[in-house]
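> input_25.pdb is the file, holding PDB, C-alpha atoms:
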ATOM      1  CA  MET A   4      22.775   8.238  21.108  1.00  0.00           C
ATOM      2  CA  LEU A   5      19.823   6.078  22.124  1.00  0.00           C
ATOM      3  CA  HIS A   6      20.486   2.368  22.647  1.00  0.00           C
ATOM      4  CA  MET A   7      17.556  -0.039  22.449  1.00  0.00           C
ATOM      5  CA  ALA A   8      17.464  -2.888  24.939  1.00  0.00           C
ATOM      6  CA  THR A   9      18.344  -6.138  23.226  1.00  0.00           C
ATOM      7  CA  GLN A  10      17.816  -9.745  24.086  1.00  0.00           C
ATOM      8  CA  LYS A  11      19.442 -12.907  22.792  1.00  0.00           C
ATOM      9  CA  VAL A  12      16.928 -15.418  21.448  1.00  0.00           C
ATOM     10  CA  SER A  13      17.144 -18.769  19.769  1.00  0.00           C
ATOM     11  CA  VAL A  14      15.068 -19.183  16.625  1.00  0.00           C
ATOM     12  CA  THR A  15      15.058 -21.780  13.865  1.00  0.00           C
ATOM     13  CA  LEU A  16      15.362 -20.447  10.328  1.00  0.00           C
ATOM     14  CA  GLU A  17      15.859 -21.976   6.897  1.00  0.00           C
ATOM     15  CA  THR A  18      19.539 -22.468   6.147  1.00  0.00           C
ATOM     16  CA  SER A  19      19.323 -20.917   2.697  1.00  0.00           C
ATOM     17  CA  ALA A  20      17.556 -17.858   4.113  1.00  0.00           C
ATOM     18  CA  ILE A  21      20.265 -17.435   6.746  1.00  0.00           C
ATOM     19  CA  GLU A  22      22.968 -17.617   4.097  1.00  0.00           C
ATOM     20  CA  ARG A  23      21.201 -15.091   1.890  1.00  0.00           C
ATOM     21  CA  ALA A  24      20.640 -12.803   4.860  1.00  0.00           C
ATOM     22  CA  ARG A  25      24.322 -12.977   5.857  1.00  0.00           C
ATOM     23  CA  ARG A  26      25.316 -12.007   2.317  1.00  0.00           C
ATOM     24  CA  ALA A  27      22.754  -9.191   2.169  1.00  0.00           C
ATOM     25  CA  ALA A  28      23.650  -7.886   5.622  1.00  0.00           C
ATOM     26  CA  GLY A  29      27.370  -7.576   4.897  1.00  0.00           C
ATOM     27  CA  PRO A  30      29.276  -5.625   7.536  1.00  0.00           C
ATOM     28  CA  ARG A  31      26.038  -4.623   9.327  1.00  0.00           C
ATOM     29  CA  GLY A  32      25.807  -8.142  10.635  1.00  0.00           C
ATOM     30  CA  LEU A  33      23.030 -10.705  10.688  1.00  0.00           C
ATOM     31  CA  SER A  34      21.426  -9.500  13.937  1.00  0.00           C
ATOM     32  CA  SER A  35      21.009  -5.976  12.633  1.00  0.00           C
ATOM     33  CA  TYR A  36      19.583  -7.276   9.366  1.00  0.00           C
ATOM     34  CA  VAL A  37      17.093  -9.618  11.039  1.00  0.00           C
ATOM     35  CA  ASP A  38      16.131  -6.871  13.493  1.00  0.00           C
ATOM     36  CA  ALA A  39      15.321  -4.482  10.607  1.00  0.00           C
ATOM     37  CA  ALA A  40      13.353  -7.170   8.773  1.00  0.00           C
ATOM     38  CA  LEU A  41      11.358  -7.951  11.910  1.00  0.00           C
ATOM     39  CA  GLU A  42      10.601  -4.248  12.492  1.00  0.00           C
ATOM     40  CA  ASP A  43       9.404  -3.941   8.910  1.00  0.00           C
ATOM     41  CA  LYS A  44       7.176  -7.012   9.176  1.00  0.00           C
ATOM     42  CA  LEU A  45       5.728  -5.830  12.493  1.00  0.00           C
ATOM     43  CA  ALA A  46       4.940  -2.397  11.039  1.00  0.00           C
ATOM     44  CA  ARG A  47       3.162  -4.007   8.086  1.00  0.00           C
ATOM     45  CA  ASP A  48       1.135  -6.372  10.257  1.00  0.00           C
ATOM     46  CA  GLU A  49       0.243  -3.596  12.695  1.00  0.00           C
ATOM     47  CA  ARG A  50      -0.904  -1.381   9.819  1.00  0.00           C
ATOM     48  CA  ARG A  51      -3.125  -4.174   8.477  1.00  0.00           C
ATOM     49  CA  ARG A  52      -4.595  -4.771  11.941  1.00  0.00           C
ATOM     50  CA  ALA A  53      -5.207  -1.042  12.526  1.00  0.00           C
ATOM     51  CA  PHE A  54      -6.905  -0.706   9.148  1.00  0.00           C
ATOM     52  CA  LEU A  55      -9.214  -3.640   9.812  1.00  0.00           C
ATOM     53  CA  ASP A  56     -10.087  -2.294  13.264  1.00  0.00           C
ATOM     54  CA  TYR A  57     -10.886   1.060  11.652  1.00  0.00           C
ATOM     55  CA  LEU A  58     -13.160  -0.589   9.060  1.00  0.00           C
ATOM     56  CA  TYR A  59     -14.880  -2.690  11.756  1.00  0.00           C
ATOM     57  CA  ASP A  60     -15.549   0.471  13.821  1.00  0.00           C
ATOM     58  CA  LEU A  61     -17.051   2.235  10.803  1.00  0.00           C
ATOM     59  CA  GLU A  62     -19.221  -0.760  10.019  1.00  0.00           C
ATOM     60  CA  ALA A  63     -20.518  -0.922  13.603  1.00  0.00           C
ATOM     61  CA  ASN A  64     -21.746   2.678  13.323  1.00  0.00           C
ATOM     62  CA  ASP A  65     -22.792   2.655   9.665  1.00  0.00           C
ATOM     63  CA  PRO A  66     -23.773  -0.896   8.627  1.00  0.00           C
ATOM     64  CA  THR A  67     -23.505  -1.733   4.942  1.00  0.00           C
ATOM     65  CA  PRO A  68     -26.618  -3.257   3.311  1.00  0.00           C
ATOM     66  CA  ASP A  69     -26.188  -6.893   2.241  1.00  0.00           C
ATOM     67  CA  PRO A  70     -26.516  -6.307  -1.526  1.00  0.00           C
ATOM     68  CA  ILE A  71     -23.642  -3.806  -1.365  1.00  0.00           C
ATOM     69  CA  LYS A  72     -21.540  -6.227   0.694  1.00  0.00           C
ATOM     70  CA  GLN A  73     -22.140  -8.990  -1.836  1.00  0.00           C
ATOM     71  CA  ARG A  74     -21.249  -6.791  -4.783  1.00  0.00           C
ATOM     72  CA  ALA A  75     -18.100  -5.589  -3.005  1.00  0.00           C
ATOM     73  CA  SER A  76     -17.028  -9.116  -2.102  1.00  0.00           C
ATOM     74  CA  ARG A  77     -17.445 -10.266  -5.710  1.00  0.00           C
ATOM     75  CA  ARG A  78     -15.392  -7.330  -6.868  1.00  0.00           C
ATOM     76  CA  ALA A  79     -12.626  -7.934  -4.323  1.00  0.00           C
ATOM     77  CA  ALA A  80     -12.537 -11.645  -5.180  1.00  0.00           C
ATOM     78  CA  LYS A  81     -12.105 -10.725  -8.834  1.00  0.00           C
ATOM     79  CA  ILE A  82      -9.203  -8.387  -7.975  1.00  0.00           C
ATOM     80  CA  ARG A  83      -7.565 -11.147  -5.926  1.00  0.00           C
ATOM     81  CA  SER A  84      -7.963 -13.769  -8.603  1.00  0.00           C
ATOM     82  CA  THR A  85      -6.838 -11.649 -11.556  1.00  0.00           C
ATOM     83  CA  PRO A  86      -3.641 -13.260 -12.829  1.00  0.00           C
ATOM     84  CA  ARG A  87      -0.760 -10.793 -12.783  1.00  0.00           C
ATOM     85  CA  SER A  88       2.660 -11.781 -13.981  1.00  0.00           C
TER      86      SER A  88
ATOM     87  CA  MET N  21       7.861 -12.986  -0.314  1.00  0.00           C
ATOM     88  CA  SER N  22       5.973  -9.790   0.404  1.00  0.00           C
ATOM     89  CA  ASN N  23       2.228  -9.641   0.800  1.00  0.00           C
ATOM     90  CA  PRO N  24       0.117  -8.145  -1.974  1.00  0.00           C
ATOM     91  CA  THR N  25      -0.450  -4.447  -1.504  1.00  0.00           C
ATOM     92  CA  VAL N  26      -3.412  -2.076  -1.800  1.00  0.00           C
ATOM     93  CA  VAL N  27      -2.205   1.441  -2.575  1.00  0.00           C
ATOM     94  CA  LEU N  28      -4.593   4.364  -2.064  1.00  0.00           C
ATOM     95  CA  ASP N  29      -4.173   7.431  -4.265  1.00  0.00           C
ATOM     96  CA  SER N  30      -4.988  10.925  -2.993  1.00  0.00           C
ATOM     97  CA  GLY N  31      -8.516  11.093  -4.362  1.00  0.00           C
ATOM     98  CA  VAL N  32      -9.786   7.912  -2.712  1.00  0.00           C
ATOM     99  CA  ILE N  33      -8.439   8.107   0.852  1.00  0.00           C
ATOM    100  CA  ASP N  34     -11.612   9.805   2.097  1.00  0.00           C
ATOM    101  CA  GLN N  35     -13.736   7.161   0.364  1.00  0.00           C
ATOM    102  CA  ALA N  36     -12.209   4.444   2.533  1.00  0.00           C
ATOM    103  CA  THR N  37     -14.281   6.082   5.267  1.00  0.00           C
ATOM    104  CA  SER N  38     -17.353   7.331   3.417  1.00  0.00           C
ATOM    105  CA  ASN N  39     -18.010   4.836   0.594  1.00  0.00           C
ATOM    106  CA  GLN N  40     -19.606   1.650   1.954  1.00  0.00           C
ATOM    107  CA  GLU N  41     -18.929  -0.532  -1.076  1.00  0.00           C
ATOM    108  CA  PHE N  42     -15.318   0.561  -1.275  1.00  0.00           C
ATOM    109  CA  ARG N  43     -14.925  -0.117   2.447  1.00  0.00           C
ATOM    110  CA  TRP N  44     -16.059  -3.673   1.904  1.00  0.00           C
ATOM    111  CA  VAL N  45     -13.750  -4.191  -1.055  1.00  0.00           C
ATOM    112  CA  LEU N  46     -10.841  -3.004   1.083  1.00  0.00           C
ATOM    113  CA  ARG N  47     -11.953  -5.076   4.043  1.00  0.00           C
ATOM    114  CA  HIS N  48     -12.132  -8.207   1.903  1.00  0.00           C
ATOM    115  CA  LEU N  49      -8.645  -7.640   0.477  1.00  0.00           C
ATOM    116  CA  VAL N  50      -7.012  -6.802   3.806  1.00  0.00           C
ATOM    117  CA  GLU N  51      -8.681  -9.752   5.543  1.00  0.00           C
ATOM    118  CA  HIS N  52      -7.052 -11.897   2.859  1.00  0.00           C
ATOM    119  CA  GLY N  53      -3.589 -10.580   3.669  1.00  0.00           C
ATOM    120  CA  TRP N  54      -3.297  -7.540   1.410  1.00  0.00           C
ATOM    121  CA  GLU N  55      -1.408  -4.621   2.956  1.00  0.00           C
ATOM    122  CA  PRO N  56      -2.885  -1.121   2.851  1.00  0.00           C
ATOM    123  CA  VAL N  57      -0.458   1.613   1.838  1.00  0.00           C
ATOM    124  CA  ILE N  58      -1.053   5.365   1.803  1.00  0.00           C
ATOM    125  CA  PRO N  59       2.063   7.003   0.380  1.00  0.00           C
ATOM    126  CA  THR N  60       2.851  10.050   2.535  1.00  0.00           C
ATOM    127  CA  VAL N  61       3.123  12.277  -0.520  1.00  0.00           C
ATOM    128  CA  THR N  62      -0.592  11.821  -1.282  1.00  0.00           C
ATOM    129  CA  LEU N  63      -1.414  14.022   1.706  1.00  0.00           C
ATOM    130  CA  SER N  64      -0.219  17.003  -0.330  1.00  0.00           C
ATOM    131  CA  GLU N  65      -3.294  16.523  -2.508  1.00  0.00           C
ATOM    132  CA  ALA N  66      -5.707  14.957  -0.022  1.00  0.00           C
ATOM    133  CA  ILE N  67      -5.357  17.529   2.765  1.00  0.00           C
ATOM    134  CA  THR N  68      -6.683  21.071   2.551  1.00  0.00           C
ATOM    135  CA  GLY N  69      -6.494  22.128   6.179  1.00  0.00           C
ATOM    136  CA  ARG N  70     -10.304  22.432   6.355  1.00  0.00           C
ATOM    137  CA  PRO N  71     -12.809  20.476   8.465  1.00  0.00           C
ATOM    138  CA  GLN N  72     -13.708  18.529   5.302  1.00  0.00           C
ATOM    139  CA  ASP N  73     -10.416  16.680   5.729  1.00  0.00           C
ATOM    140  CA  ALA N  74     -11.899  14.721   8.642  1.00  0.00           C
ATOM    141  CA  PRO N  75     -12.385  11.388   6.780  1.00  0.00           C
ATOM    142  CA  VAL N  76      -8.797  11.481   5.544  1.00  0.00           C
ATOM    143  CA  ASN N  77      -7.449  12.473   8.945  1.00  0.00           C
ATOM    144  CA  GLN N  78      -9.386   9.714  10.705  1.00  0.00           C
ATOM    145  CA  LEU N  79      -7.877   7.017   8.527  1.00  0.00           C
ATOM    146  CA  VAL N  80      -4.374   8.457   8.453  1.00  0.00           C
ATOM    147  CA  ASN N  81      -4.368   8.853  12.234  1.00  0.00           C
ATOM    148  CA  ARG N  82      -5.223   5.163  12.570  1.00  0.00           C
ATOM    149  CA  ILE N  83      -2.907   3.532  10.049  1.00  0.00           C
ATOM    150  CA  GLY N  84      -0.284   6.180   9.271  1.00  0.00           C
ATOM    151  CA  THR N  85       1.387   6.693   5.919  1.00  0.00           C
ATOM    152  CA  VAL N  86       4.352   5.126   4.162  1.00  0.00           C
ATOM    153  CA  ASP N  87       7.312   7.368   3.356  1.00  0.00           C
ATOM    154  CA  THR N  88       8.999   7.168  -0.022  1.00  0.00           C
ATOM    155  CA  ASP N  89      12.609   6.062   0.062  1.00  0.00           C
ATOM    156  CA  GLN N  90      15.179   6.844  -2.580  1.00  0.00           C
ATOM    157  CA  ALA N  91      14.740   3.564  -4.451  1.00  0.00           C
ATOM    158  CA  THR N  92      10.994   4.107  -4.822  1.00  0.00           C
ATOM    159  CA  ALA N  93      11.470   7.758  -5.831  1.00  0.00           C
ATOM    160  CA  ARG N  94      13.930   6.672  -8.507  1.00  0.00           C
ATOM    161  CA  ARG N  95      11.460   4.102  -9.768  1.00  0.00           C
ATOM    162  CA  ALA N  96       8.829   6.861  -9.937  1.00  0.00           C
ATOM    163  CA  GLY N  97      11.164   8.889 -12.134  1.00  0.00           C
ATOM    164  CA  GLN N  98      11.673   5.925 -14.447  1.00  0.00           C
ATOM    165  CA  LEU N  99       7.936   5.281 -14.725  1.00  0.00           C
ATOM    166  CA  ARG N 100       7.278   8.938 -15.477  1.00  0.00           C
ATOM    167  CA  PHE N 101      10.026   9.044 -18.090  1.00  0.00           C
ATOM    168  CA  GLY N 102       8.480   5.957 -19.679  1.00  0.00           C
ATOM    169  CA  VAL N 103       5.297   7.946 -20.256  1.00  0.00           C
ATOM    170  CA  GLU N 104       7.246  10.893 -21.640  1.00  0.00           C
ATOM    171  CA  ARG N 105       9.184   8.606 -23.996  1.00  0.00           C
ATOM    172  CA  SER N 106       5.920   7.168 -25.299  1.00  0.00           C
ATOM    173  CA  GLY N 107       5.084  10.598 -26.675  1.00  0.00           C
ATOM    174  CA  ALA N 108       2.156  11.291 -24.371  1.00  0.00           C
ATOM    175  CA  ARG N 109       0.862  14.838 -24.594  1.00  0.00           C
ATOM    176  CA  ARG N 110      -0.176  14.980 -20.953  1.00  0.00           C
ATOM    177  CA  MET N 111       2.395  13.961 -18.375  1.00  0.00           C
ATOM    178  CA  PRO N 112       1.310  12.353 -15.089  1.00  0.00           C
ATOM    179  CA  THR N 113       2.283  14.312 -11.989  1.00  0.00           C
ATOM    180  CA  GLY N 114       5.219  13.356  -9.819  1.00  0.00           C
ATOM    181  CA  ILE N 115       2.738  12.358  -7.105  1.00  0.00           C
ATOM    182  CA  ASP N 116       0.964   9.984  -9.495  1.00  0.00           C
ATOM    183  CA  ALA N 117       4.360   8.517 -10.373  1.00  0.00           C
ATOM    184  CA  ILE N 118       5.256   7.996  -6.710  1.00  0.00           C
ATOM    185  CA  VAL N 119       1.909   6.301  -6.064  1.00  0.00           C
ATOM    186  CA  ALA N 120       2.547   4.056  -9.073  1.00  0.00           C
ATOM    187  CA  ALA N 121       6.058   3.272  -7.859  1.00  0.00           C
ATOM    188  CA  HIS N 122       4.817   2.195  -4.415  1.00  0.00           C
ATOM    189  CA  ALA N 123       2.475  -0.235  -6.168  1.00  0.00           C
ATOM    190  CA  ALA N 124       5.175  -1.440  -8.539  1.00  0.00           C
ATOM    191  CA  ASP N 125       7.494  -2.175  -5.590  1.00  0.00           C
ATOM    192  CA  ALA N 126       5.219  -5.014  -4.451  1.00  0.00           C
ATOM    193  CA  GLN N 127       5.139  -8.388  -6.161  1.00  0.00           C
ATOM    194  CA  GLU N 128       1.381  -8.055  -6.576  1.00  0.00           C
ATOM    195  CA  SER N 129      -0.707  -4.960  -5.982  1.00  0.00           C
ATOM    196  CA  VAL N 130      -3.700  -2.862  -6.856  1.00  0.00           C
ATOM    197  CA  VAL N 131      -3.917   0.925  -6.904  1.00  0.00           C
ATOM    198  CA  PHE N 132      -7.244   2.574  -6.200  1.00  0.00           C
ATOM    199  CA  THR N 133      -7.495   5.971  -7.823  1.00  0.00           C
ATOM    200  CA  SER N 134     -10.175   8.405  -8.897  1.00  0.00           C
ATOM    201  CA  ASP N 135      -8.376   8.930 -12.230  1.00  0.00           C
ATOM    202  CA  PRO N 136      -7.122   5.609 -13.606  1.00  0.00           C
ATOM    203  CA  SER N 137      -5.872   6.903 -16.959  1.00  0.00           C
ATOM    204  CA  ASP N 138      -2.612   8.391 -15.687  1.00  0.00           C
ATOM    205  CA  LEU N 139      -1.908   5.384 -13.450  1.00  0.00           C
ATOM    206  CA  HIS N 140      -2.559   3.025 -16.365  1.00  0.00           C
ATOM    207  CA  ARG N 141      -0.049   4.900 -18.487  1.00  0.00           C
ATOM    208  CA  LEU N 142       2.570   4.899 -15.739  1.00  0.00           C
ATOM    209  CA  LEU N 143       2.117   1.190 -15.042  1.00  0.00           C
ATOM    210  CA  VAL N 144       1.859  -0.080 -18.608  1.00  0.00           C
ATOM    211  CA  GLY N 145       5.051  -2.111 -18.095  1.00  0.00           C
ATOM    212  CA  CYS N 146       3.990  -3.493 -14.707  1.00  0.00           C
ATOM    213  CA  PRO N 147       1.387  -6.199 -15.359  1.00  0.00           C
ATOM    214  CA  TRP N 148       1.506  -7.288 -11.694  1.00  0.00           C
ATOM    215  CA  VAL N 149      -0.243  -4.040 -10.708  1.00  0.00           C
ATOM    216  CA  GLY N 150      -3.981  -3.566 -11.139  1.00  0.00           C
ATOM    217  CA  VAL N 151      -5.570  -0.123 -11.383  1.00  0.00           C
ATOM    218  CA  GLU N 152      -9.111   0.319 -10.099  1.00  0.00           C
ATOM    219  CA  LYS N 153     -11.613   2.997  -9.216  1.00  0.00           C
ATOM    220  CA  PRO N 154     -13.203   2.818  -5.742  1.00  0.00           C
TER     221      PRO N 154
END
Go through the file and emit its structure as structure tokens.

Amino acid sequence: MLHMATQKVSVTLETSAIERARRAAGPRGLSSYVDAALEDKLARDERRRAFLDYLYDLEANDPTPDPIKQRASRRAAKIRSTPRS
Amino acid sequence: MSNPTVVLDSGVIDQATSNQEFRWVLRHLVEHGWEPVIPTVTLSEAITGRPQDAPVNQLVNRIGTVDTDQATARRAGQLRFGVERSGARRMPTGIDAIVAAHAADAQESVVFTSDPSDLHRLLVGCPWVGVEKP
């Protein structure tokens, strides 16, 4: 069985979040729960970063004309601002 | 609170590389905090094993795919059954349902697909999910 190196750190978190996390973690323990949440968040952020880097590389080799950029930005802004409940 | 999510269906993964306007739409969303998601199962439709797969492979090699856990698979089954219960003559595929479920898992999301009709039917009860063509 592979054991990851661990390190004790001191962080400041919202009390209510800690209480909810303790309840959700159950017998797994808070450290294990926070560790999994951090891994998940890191994976998401790294995927976002990698995707942007990929798009920037494509753009450097195949620049998009301004009218297309403007149309795309308007469209994306509309997607972002569409109320969804 | 999770970030909003951009889910790519099988038929549009290559367009994230080849379609300039779509690239800019994606870039705008991701720069504003949206998370790109390619459900792993979409590769079963997007990959042929031929050189033409290159645009899909390039993107997937850079950002990876997201596996479907049991909770999301169960949600896919519920969404698909919802379409069946509505009396639809044509049922969406299981892959469409899994793509829809990945989008429905987020608090806010948009699915890009080449065939919006099936995704619309699957997500009729999920107003927090938008369905768009590239």
> Smallest atom-to-atom distance to chain A: which of N:Ile83, N:Leu63, N:Ala123, N:Leu28, using all atoms listed in the file?
N:Ile83
> Which residues of chain A have any atom within 12 Å of an atom in chain N when counting all atoms listed in the file, and what is the closest pair of atoms for each, with the distance in Å to one decimal? Order the rows by chain and rising number and write it as CSV.

residue,atom,partner,partner_atom,distance
A:Ala20,CA,N:Met21,CA,11.7
A:Ala40,CA,N:Ser22,CA,11.5
A:Asp43,CA,N:Ser22,CA,10.9
A:Lys44,CA,N:Ser22,CA,9.3
A:Leu45,CA,N:Glu55,CA,12.0
A:Ala46,CA,N:Ile83,CA,9.9
A:Arg47,CA,N:Glu55,CA,6.9
A:Asp48,CA,N:Glu55,CA,7.9
A:Glu49,CA,N:Ile83,CA,8.2
A:Arg50,CA,N:Ile83,CA,5.3
A:Arg51,CA,N:Glu55,CA,5.8
A:Arg52,CA,N:Ile83,CA,8.7
A:Ala53,CA,N:Ile83,CA,5.7
A:Phe54,CA,N:Ile83,CA,5.9
A:Leu55,CA,N:Arg47,CA,6.5
A:Asp56,CA,N:Arg82,CA,8.9
A:Tyr57,CA,N:Arg82,CA,7.1
A:Leu58,CA,N:Arg47,CA,6.8
A:Tyr59,CA,N:Arg47,CA,8.6
A:Asp60,CA,N:Thr37,CA,10.3
A:Leu61,CA,N:Thr37,CA,7.3
A:Glu62,CA,N:Gln40,CA,8.4
A:Ala63,CA,N:Gln40,CA,12.0
A:Asn64,CA,N:Thr37,CA,11.5
A:Asp65,CA,N:Gln40,CA,8.4
A:Pro66,CA,N:Gln40,CA,8.3
A:Thr67,CA,N:Gln40,CA,6.0
A:Pro68,CA,N:Gln40,CA,8.7
A:Asp69,CA,N:Glu41,CA,10.2
A:Pro70,CA,N:Glu41,CA,9.5
A:Ile71,CA,N:Glu41,CA,5.7
A:Lys72,CA,N:Trp44,CA,6.2
A:Gln73,CA,N:Trp44,CA,8.9
A:Arg74,CA,N:Glu41,CA,7.6
A:Ala75,CA,N:Val45,CA,5.0
A:Ser76,CA,N:Val45,CA,6.0
A:Arg77,CA,N:Val45,CA,8.5
A:Arg78,CA,N:Val45,CA,6.8
A:Ala79,CA,N:Val45,CA,5.1
A:Ala80,CA,N:His48,CA,7.9
A:Lys81,CA,N:Val45,CA,10.3
A:Ile82,CA,N:Gly150,CA,7.8
A:Arg83,CA,N:Leu49,CA,7.4
A:Ser84,CA,N:Leu49,CA,11.0
A:Thr85,CA,N:Gly150,CA,8.6
A:Pro86,CA,N:Trp148,CA,8.0
A:Arg87,CA,N:Trp148,CA,4.3
A:Ser88,CA,N:Trp148,CA,5.2
> For Gly31 in chain N, please output as number ranges by chain all residues within 9 Å (counting only C-alpha atoms; exclusion window: fewer than 2 positions along the same chain).
N: 28-29, 33-35, 62, 65-66, 132-135
> What box, with edges along x, y and z, holds each listed atom of range 135-150 of chain N when 8 Å is added on every side, and can you state its centre and edge lengths in Å to one decimal, as lines of an AutoDock Vina configuration file?

center_x = -1.7
center_y = 0.8
center_z = -14.7
size_x = 29.4
size_y = 32.2
size_z = 23.9
> With all atoms listed in the file as the atoms that count, which of N:Ile115, N:Thr68, N:Glu104, N:Pro154 lies nearest to Thr92 in chain N?
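Between N:Ile115, N:Thr68, N:Glu104, N:Pro154, the residue approaching Thr92 in chain N most closely is N:Ile115.
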> Hey, can you check how far CA of His122 in chain N sits from CA of Gly102 in chain N?
16.1 Å
> Find the spatial neighbours of Arg105 in chain N, counting only C-alpha atoms, within a cut-off of 12 Å - ignore same-chain residues fewer than 6 positions away - and output them as a PyMOL selection string.
chain N and resi 98-99+111+141-142
> Measure the distance from CA of Val26 in chain N to CA of Ile58 in chain N in Å and round it to one decimal.
8.6 Å
> Starting from the displayed file, determine the output of the PyMOL selection byres ((chain A and resi 38) around 12) and express the residue list as a VMD selection string.
chain A and resid 7 9 to 12 24 28 31 to 37 39 to 45
> Take the PyMOL selection byres ((chain N and resi 114) around 8), apply it to the structure above, and return the hits as a PyMOL selection string.
chain N and resi 96-97+100+112-113+115-118
> In Å to one decimal, how far is CA of Val144 in chain N from CA of Gly107 in chain N?
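Interatomic distance, CA of Gly107 in chain N to CA of Val144 in chain N: 13.8 Å.
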> Could you tell me which of N:Ala126, N:Ala74, N:Ala108, N:Ala121 comes closest to Gln90 in chain N if we count all atoms listed in the file?
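Of all the options, N:Ala121 lies closest to Gln90 in chain N.
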> Kindly complete range 25-41 of chain A to N, CA and C atoms; the output should be written as a PDB file, in the frame of the given file.

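Output contents, as saved in result.pdb:
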ATOM      1  N   ARG A  25      22.927 -13.326   5.510  1.00  0.00           N
ATOM      2  CA  ARG A  25      24.322 -12.977   5.857  1.00  0.00           C
ATOM      3  C   ARG A  25      24.977 -12.204   4.714  1.00  0.00           C
ATOM      4  N   ARG A  26      24.730 -12.685   3.481  1.00  0.00           N
ATOM      5  CA  ARG A  26      25.316 -12.007   2.317  1.00  0.00           C
ATOM      6  C   ARG A  26      24.740 -10.596   2.178  1.00  0.00           C
ATOM      7  N   ALA A  27      23.408 -10.496   2.339  1.00  0.00           N
ATOM      8  CA  ALA A  27      22.754  -9.191   2.169  1.00  0.00           C
ATOM      9  C   ALA A  27      23.159  -8.220   3.273  1.00  0.00           C
ATOM     10  N   ALA A  28      23.353  -8.754   4.479  1.00  0.00           N
ATOM     11  CA  ALA A  28      23.650  -7.886   5.622  1.00  0.00           C
ATOM     12  C   ALA A  28      25.044  -7.286   5.529  1.00  0.00           C
ATOM     13  N   GLY A  29      25.986  -8.060   4.999  1.00  0.00           N
ATOM     14  CA  GLY A  29      27.370  -7.576   4.897  1.00  0.00           C
ATOM     15  C   GLY A  29      27.912  -7.164   6.243  1.00  0.00           C
ATOM     16  N   PRO A  30      28.625  -6.034   6.280  1.00  0.00           N
ATOM     17  CA  PRO A  30      29.276  -5.625   7.536  1.00  0.00           C
ATOM     18  C   PRO A  30      28.290  -5.234   8.643  1.00  0.00           C
ATOM     19  N   ARG A  31      27.027  -4.967   8.284  1.00  0.00           N
ATOM     20  CA  ARG A  31      26.038  -4.623   9.327  1.00  0.00           C
ATOM     21  C   ARG A  31      25.812  -5.776  10.289  1.00  0.00           C
ATOM     22  N   GLY A  32      25.994  -6.975   9.782  1.00  0.00           N
ATOM     23  CA  GLY A  32      25.807  -8.142  10.635  1.00  0.00           C
ATOM     24  C   GLY A  32      24.397  -8.702  10.551  1.00  0.00           C
ATOM     25  N   LEU A  33      24.308  -9.996  10.819  1.00  0.00           N
ATOM     26  CA  LEU A  33      23.030 -10.705  10.688  1.00  0.00           C
ATOM     27  C   LEU A  33      21.986 -10.190  11.684  1.00  0.00           C
ATOM     28  N   SER A  34      22.403  -9.934  12.922  1.00  0.00           N
ATOM     29  CA  SER A  34      21.426  -9.500  13.937  1.00  0.00           C
ATOM     30  C   SER A  34      20.750  -8.200  13.518  1.00  0.00           C
ATOM     31  N   SER A  35      21.555  -7.266  13.048  1.00  0.00           N
ATOM     32  CA  SER A  35      21.009  -5.976  12.633  1.00  0.00           C
ATOM     33  C   SER A  35      20.049  -6.155  11.459  1.00  0.00           C
ATOM     34  N   TYR A  36      20.416  -7.036  10.543  1.00  0.00           N
ATOM     35  CA  TYR A  36      19.583  -7.276   9.366  1.00  0.00           C
ATOM     36  C   TYR A  36      18.250  -7.915   9.764  1.00  0.00           C
ATOM     37  N   VAL A  37      18.312  -8.926  10.606  1.00  0.00           N
ATOM     38  CA  VAL A  37      17.093  -9.618  11.039  1.00  0.00           C
ATOM     39  C   VAL A  37      16.220  -8.663  11.858  1.00  0.00           C
ATOM     40  N   ASP A  38      16.870  -7.834  12.690  1.00  0.00           N
ATOM     41  CA  ASP A  38      16.131  -6.871  13.493  1.00  0.00           C
ATOM     42  C   ASP A  38      15.346  -5.909  12.593  1.00  0.00           C
ATOM     43  N   ALA A  39      15.987  -5.415  11.534  1.00  0.00           N
ATOM     44  CA  ALA A  39      15.321  -4.482  10.607  1.00  0.00           C
ATOM     45  C   ALA A  39      14.170  -5.175   9.877  1.00  0.00           C
ATOM     46  N   ALA A  40      14.401  -6.428   9.488  1.00  0.00           N
ATOM     47  CA  ALA A  40      13.353  -7.170   8.773  1.00  0.00           C
ATOM     48  C   ALA A  40      12.147  -7.408   9.683  1.00  0.00           C
ATOM     49  N   LEU A  41      12.446  -7.711  10.954  1.00  0.00           N
ATOM     50  CA  LEU A  41      11.358  -7.951  11.910  1.00  0.00           C
ATOM     51  C   LEU A  41      10.568  -6.663  12.167  1.00  0.00           C
TER      52      LEU A  41
END
